[in-house]
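File shown here: entry.csv, holding CSV, C-alpha atoms.
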chain,number,residue,atom,x,y,z
A,26,MET,CA,23.4,44.1,75.7
A,27,MET,CA,23.7,42.1,72.5
A,28,ASN,CA,21.0,41.7,69.8
A,29,LYS,CA,20.7,38.0,70.1
A,30,ASN,CA,19.3,36.2,73.1
A,31,ASN,CA,22.1,33.7,72.9
A,32,ASP,CA,24.5,36.4,73.7
A,33,PHE,CA,22.9,37.4,77.0
A,34,SER,CA,24.8,36.6,80.1
A,35,SER,CA,23.0,35.0,83.1
A,36,ALA,CA,23.1,38.3,84.9
A,37,GLU,CA,21.5,40.1,82.0
A,38,TRP,CA,18.7,37.5,81.8
A,39,MET,CA,18.1,37.8,85.5
A,40,LYS,CA,18.0,41.6,85.2
A,41,MET,CA,15.5,41.3,82.4
A,42,LEU,CA,13.3,38.8,84.3
A,43,ARG,CA,13.0,41.3,87.1
A,44,GLN,CA,11.6,44.0,84.8
A,45,PRO,CA,8.0,45.0,85.3
A,46,GLN,CA,7.2,44.4,81.7
A,47,THR,CA,8.7,40.9,81.8
A,48,GLN,CA,6.7,40.1,85.0
A,49,ALA,CA,3.5,41.4,83.3
A,50,LEU,CA,4.2,39.4,80.2
A,51,ILE,CA,4.7,36.2,82.2
A,52,ALA,CA,1.5,36.8,84.1
A,53,ARG,CA,-0.5,37.5,81.0
A,54,LEU,CA,0.7,34.4,79.2
A,55,GLN,CA,-0.1,32.3,82.3
A,56,GLN,CA,-3.5,33.9,82.4
A,57,LEU,CA,-4.2,33.1,78.8
A,58,ASP,CA,-3.1,29.4,79.0
A,59,SER,CA,-0.8,28.2,81.8
A,60,SER,CA,-0.6,24.6,80.5
A,61,THR,CA,0.7,25.8,77.1
A,62,ILE,CA,3.3,27.9,78.8
A,63,GLU,CA,4.5,25.0,80.9
A,64,ALA,CA,4.6,22.7,77.8
A,65,ALA,CA,6.5,25.3,75.8
A,66,ALA,CA,9.0,25.8,78.7
A,67,GLN,CA,9.6,22.1,78.8
A,68,LEU,CA,10.2,21.9,75.1
A,69,ALA,CA,12.6,24.8,75.2
A,70,ALA,CA,14.4,23.3,78.1
A,71,ASN,CA,14.8,20.1,76.1
A,72,GLY,CA,16.2,22.1,73.1
A,73,ASP,CA,13.1,22.1,71.0
A,74,THR,CA,12.8,25.8,70.5
A,75,GLU,CA,10.8,25.4,67.3
A,76,GLY,CA,8.2,23.3,69.1
A,77,ALA,CA,8.0,25.9,71.8
A,78,LYS,CA,7.5,28.7,69.3
A,79,ALA,CA,4.8,26.7,67.6
A,80,LEU,CA,3.0,26.2,70.9
A,81,LEU,CA,3.3,29.9,71.9
A,82,SER,CA,2.3,31.3,68.5
A,83,PRO,CA,-1.4,31.6,69.2
A,84,LEU,CA,-0.8,33.3,72.5
A,85,LEU,CA,1.6,35.8,70.9
A,86,LYS,CA,-1.3,37.2,68.9
A,87,ASP,CA,-2.9,38.7,72.1
A,88,GLU,CA,-2.7,42.5,71.9
A,89,GLN,CA,-1.4,42.9,75.5
A,90,VAL,CA,1.3,40.3,74.9
A,91,GLN,CA,2.3,42.1,71.7
A,92,ASN,CA,2.6,45.4,73.5
A,93,LEU,CA,4.7,44.0,76.3
A,94,THR,CA,7.0,42.2,73.9
A,95,GLN,CA,7.5,45.3,71.9
A,96,GLN,CA,8.4,47.3,75.1
A,97,LEU,CA,11.0,44.6,76.0
A,98,ARG,CA,12.5,44.7,72.5
A,99,GLU,CA,12.9,48.4,72.7
A,100,GLN,CA,14.5,48.2,76.2
A,101,HIS,CA,16.8,45.3,75.5
A,102,GLY,CA,18.0,45.7,72.0
A,103,GLY,CA,15.8,43.5,69.8
A,104,ILE,CA,15.5,40.3,71.9

What would you get if you wrote out this structure as structure tokens?
Amino acid sequence: MMNKNNDFSSAEWMKMLRQPQTQALIARLQQLDSSTIEAAAQLAANGDTEGAKALLSPLLKDEQVQNLTQQLREQHGGI
């Protein structure tokens, strides 16, 4: 896999989304604030990745979220 998320193929993204750590991360984020997750997803879908990052920033400070994202980085080459 490549080091940049833009270089992931659809198959690679789908494989990553099926990983237990990814599923746990999604569940944790939804548990923390599902409305923020939905708003960030909509911004990202509309191309506003900076806006999505800003919305998610407070949620990313959660210790469990940080642990899961670190595991994913280690498994998938620095996503």

- request: Point out the residue among A:Ser35, A:Gln67, A:Gln48, A:Ser59 with the least atom-to-atom distance to A:Leu93, counting all atoms listed in the file.
  value: A:Gln48

task: List the neighbours of A:Ala64 out to 12 Å using all atoms listed in the file; skip same-chain residues closer than 2 positions along the sequence, and give me the result as an MDAnalysis selection string.
output: chainID A and resid 55 58:62 66:71 73:74 76:81

For the residues selected in the previous step, produce a file with C-alpha atoms as a short mmCIF file (atom, residue, chain, number, x, y, z; two decimals), in the coordinates of the input.
data_model
loop_
_atom_site.label_atom_id
_atom_site.label_comp_id
_atom_site.auth_asym_id
_atom_site.auth_seq_id
_atom_site.Cartn_x
_atom_site.Cartn_y
_atom_site.Cartn_z
CA GLN A 55 -0.10 32.30 82.30
CA ASP A 58 -3.10 29.40 79.00
CA SER A 59 -0.80 28.20 81.80
CA SER A 60 -0.60 24.60 80.50
CA THR A 61 0.70 25.80 77.10
CA ILE A 62 3.30 27.90 78.80
CA ALA A 66 9.00 25.80 78.70
CA GLN A 67 9.60 22.10 78.80
CA LEU A 68 10.20 21.90 75.10
CA ALA A 69 12.60 24.80 75.20
CA ALA A 70 14.40 23.30 78.10
CA ASN A 71 14.80 20.10 76.10
CA ASP A 73 13.10 22.10 71.00
CA THR A 74 12.80 25.80 70.50
CA GLY A 76 8.20 23.30 69.10
CA ALA A 77 8.00 25.90 71.80
CA LYS A 78 7.50 28.70 69.30
CA ALA A 79 4.80 26.70 67.60
CA LEU A 80 3.00 26.20 70.90
CA LEU A 81 3.30 29.90 71.90
#

Who sits within 12 Å of A:Asp87, only C-alpha atoms, same chain under 3 positions skipped, as a PDB file with C-alpha atoms, in the coordinates of the input:
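Below is the file around_35.pdb, written as the result:
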ATOM      1  CA  LEU A  50       4.200  39.400  80.200  1.00  0.00           C
ATOM      2  CA  ARG A  53      -0.500  37.500  81.000  1.00  0.00           C
ATOM      3  CA  LEU A  54       0.700  34.400  79.200  1.00  0.00           C
ATOM      4  CA  GLN A  56      -3.500  33.900  82.400  1.00  0.00           C
ATOM      5  CA  LEU A  57      -4.200  33.100  78.800  1.00  0.00           C
ATOM      6  CA  ASP A  58      -3.100  29.400  79.000  1.00  0.00           C
ATOM      7  CA  LEU A  81       3.300  29.900  71.900  1.00  0.00           C
ATOM      8  CA  SER A  82       2.300  31.300  68.500  1.00  0.00           C
ATOM      9  CA  PRO A  83      -1.400  31.600  69.200  1.00  0.00           C
ATOM     10  CA  LEU A  84      -0.800  33.300  72.500  1.00  0.00           C
ATOM     11  CA  VAL A  90       1.300  40.300  74.900  1.00  0.00           C
ATOM     12  CA  GLN A  91       2.300  42.100  71.700  1.00  0.00           C
ATOM     13  CA  ASN A  92       2.600  45.400  73.500  1.00  0.00           C
ATOM     14  CA  LEU A  93       4.700  44.000  76.300  1.00  0.00           C
ATOM     15  CA  THR A  94       7.000  42.200  73.900  1.00  0.00           C
TER      16      THR A  94
END

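The space between atom CA of A:Ala36 and atom CA of A:Arg98 spans 17.5 Å.
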
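With only C-alpha atoms as the basis for measurement, A:Glu63 is the residue among A:Glu37, A:Glu63, A:Glu75, A:Glu99 that approaches A:Ile51 most closely.
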
Distance in Å - atom CA of A:Met41 versus atom CA of A:Gly72: 21.3 Å

- prompt: What does the distance between atom CA of A:Gln46 and atom CA of A:Leu85 come to in Å, to one decimal place?
  reply: 14.9 Å

Please reconstruct the missing atoms of stretch 75-86 of chain A (target: all heavy atoms) and return them as a JSON list (two decimals), in the coordinates of the input.
[["chain", "number", "residue", "atom", "x", "y", "z"],
["A", 75, "GLU", "N", 11.83, 25.28, 68.31],
["A", 75, "GLU", "CA", 10.80, 25.40, 67.30],
["A", 75, "GLU", "C", 9.47, 24.89, 67.75],
["A", 75, "GLU", "O", 8.43, 25.48, 67.46],
["A", 75, "GLU", "CB", 11.26, 24.66, 65.99],
["A", 75, "GLU", "CG", 12.43, 25.32, 65.28],
["A", 75, "GLU", "CD", 12.16, 26.77, 64.91],
["A", 75, "GLU", "OE1", 11.09, 27.08, 64.37],
["A", 75, "GLU", "OE2", 13.05, 27.61, 65.16],
["A", 76, "GLY", "N", 9.47, 23.81, 68.49],
["A", 76, "GLY", "CA", 8.20, 23.30, 69.10],
["A", 76, "GLY", "C", 7.63, 24.27, 70.07],
["A", 76, "GLY", "O", 6.41, 24.47, 70.10],
["A", 77, "ALA", "N", 8.50, 24.88, 70.87],
["A", 77, "ALA", "CA", 8.00, 25.90, 71.80],
["A", 77, "ALA", "C", 7.42, 27.07, 71.13],
["A", 77, "ALA", "O", 6.36, 27.56, 71.52],
["A", 77, "ALA", "CB", 9.19, 26.32, 72.74],
["A", 78, "LYS", "N", 8.07, 27.53, 70.07],
["A", 78, "LYS", "CA", 7.50, 28.70, 69.30],
["A", 78, "LYS", "C", 6.17, 28.32, 68.71],
["A", 78, "LYS", "O", 5.26, 29.14, 68.71],
["A", 78, "LYS", "CB", 8.50, 29.03, 68.16],
["A", 78, "LYS", "CG", 9.74, 29.73, 68.61],
["A", 78, "LYS", "CD", 10.62, 30.03, 67.41],
["A", 78, "LYS", "CE", 11.98, 30.52, 67.80],
["A", 78, "LYS", "NZ", 12.84, 30.77, 66.62],
["A", 79, "ALA", "N", 6.05, 27.11, 68.20],
["A", 79, "ALA", "CA", 4.80, 26.70, 67.60],
["A", 79, "ALA", "C", 3.65, 26.69, 68.65],
["A", 79, "ALA", "O", 2.53, 27.12, 68.36],
["A", 79, "ALA", "CB", 4.92, 25.32, 66.95],
["A", 80, "LEU", "N", 3.96, 26.20, 69.84],
["A", 80, "LEU", "CA", 3.00, 26.20, 70.90],
["A", 80, "LEU", "C", 2.56, 27.60, 71.33],
["A", 80, "LEU", "O", 1.40, 27.88, 71.61],
["A", 80, "LEU", "CB", 3.48, 25.44, 72.13],
["A", 80, "LEU", "CG", 3.34, 23.95, 72.15],
["A", 80, "LEU", "CD1", 3.92, 23.38, 73.44],
["A", 80, "LEU", "CD2", 1.89, 23.53, 72.02],
["A", 81, "LEU", "N", 3.54, 28.50, 71.39],
["A", 81, "LEU", "CA", 3.30, 29.90, 71.90],
["A", 81, "LEU", "C", 2.67, 30.77, 70.81],
["A", 81, "LEU", "O", 2.11, 31.81, 71.14],
["A", 81, "LEU", "CB", 4.59, 30.48, 72.37],
["A", 81, "LEU", "CG", 5.18, 29.85, 73.62],
["A", 81, "LEU", "CD1", 6.54, 30.45, 73.92],
["A", 81, "LEU", "CD2", 4.23, 30.00, 74.80],
["A", 82, "SER", "N", 2.79, 30.40, 69.56],
["A", 82, "SER", "CA", 2.30, 31.30, 68.50],
["A", 82, "SER", "C", 0.94, 31.82, 68.65],
["A", 82, "SER", "O", 0.74, 33.03, 68.51],
["A", 82, "SER", "CB", 2.46, 30.51, 67.14],
["A", 82, "SER", "OG", 2.06, 31.34, 66.09],
["A", 83, "PRO", "N", -0.07, 31.00, 68.99],
["A", 83, "PRO", "CA", -1.40, 31.60, 69.20],
["A", 83, "PRO", "C", -1.50, 32.59, 70.31],
["A", 83, "PRO", "O", -2.22, 33.57, 70.22],
["A", 83, "PRO", "CB", -2.30, 30.36, 69.46],
["A", 83, "PRO", "CG", -1.53, 29.19, 68.99],
["A", 83, "PRO", "CD", -0.09, 29.56, 69.10],
["A", 84, "LEU", "N", -0.73, 32.35, 71.37],
["A", 84, "LEU", "CA", -0.80, 33.30, 72.50],
["A", 84, "LEU", "C", -0.11, 34.60, 72.18],
["A", 84, "LEU", "O", -0.47, 35.64, 72.74],
["A", 84, "LEU", "CB", -0.06, 32.64, 73.72],
["A", 84, "LEU", "CG", -0.64, 31.33, 74.25],
["A", 84, "LEU", "CD1", 0.17, 30.84, 75.44],
["A", 84, "LEU", "CD2", -2.09, 31.49, 74.62],
["A", 85, "LEU", "N", 0.84, 34.57, 71.27],
["A", 85, "LEU", "CA", 1.60, 35.80, 70.90],
["A", 85, "LEU", "C", 0.74, 36.75, 70.07],
["A", 85, "LEU", "O", 1.15, 37.87, 69.83],
["A", 85, "LEU", "CB", 2.87, 35.43, 70.20],
["A", 85, "LEU", "CG", 3.85, 34.62, 71.04],
["A", 85, "LEU", "CD1", 5.08, 34.27, 70.22],
["A", 85, "LEU", "CD2", 4.22, 35.33, 72.32],
["A", 86, "LYS", "N", -0.44, 36.31, 69.66],
["A", 86, "LYS", "CA", -1.30, 37.20, 68.90],
["A", 86, "LYS", "C", -2.15, 38.10, 69.79],
["A", 86, "LYS", "O", -2.79, 39.03, 69.32],
["A", 86, "LYS", "CB", -2.25, 36.34, 68.01],
["A", 86, "LYS", "CG", -1.48, 35.61, 66.93],
["A", 86, "LYS", "CD", -2.37, 34.72, 66.12],
["A", 86, "LYS", "CE", -1.52, 33.96, 65.09],
["A", 86, "LYS", "NZ", -2.31, 33.01, 64.34]]
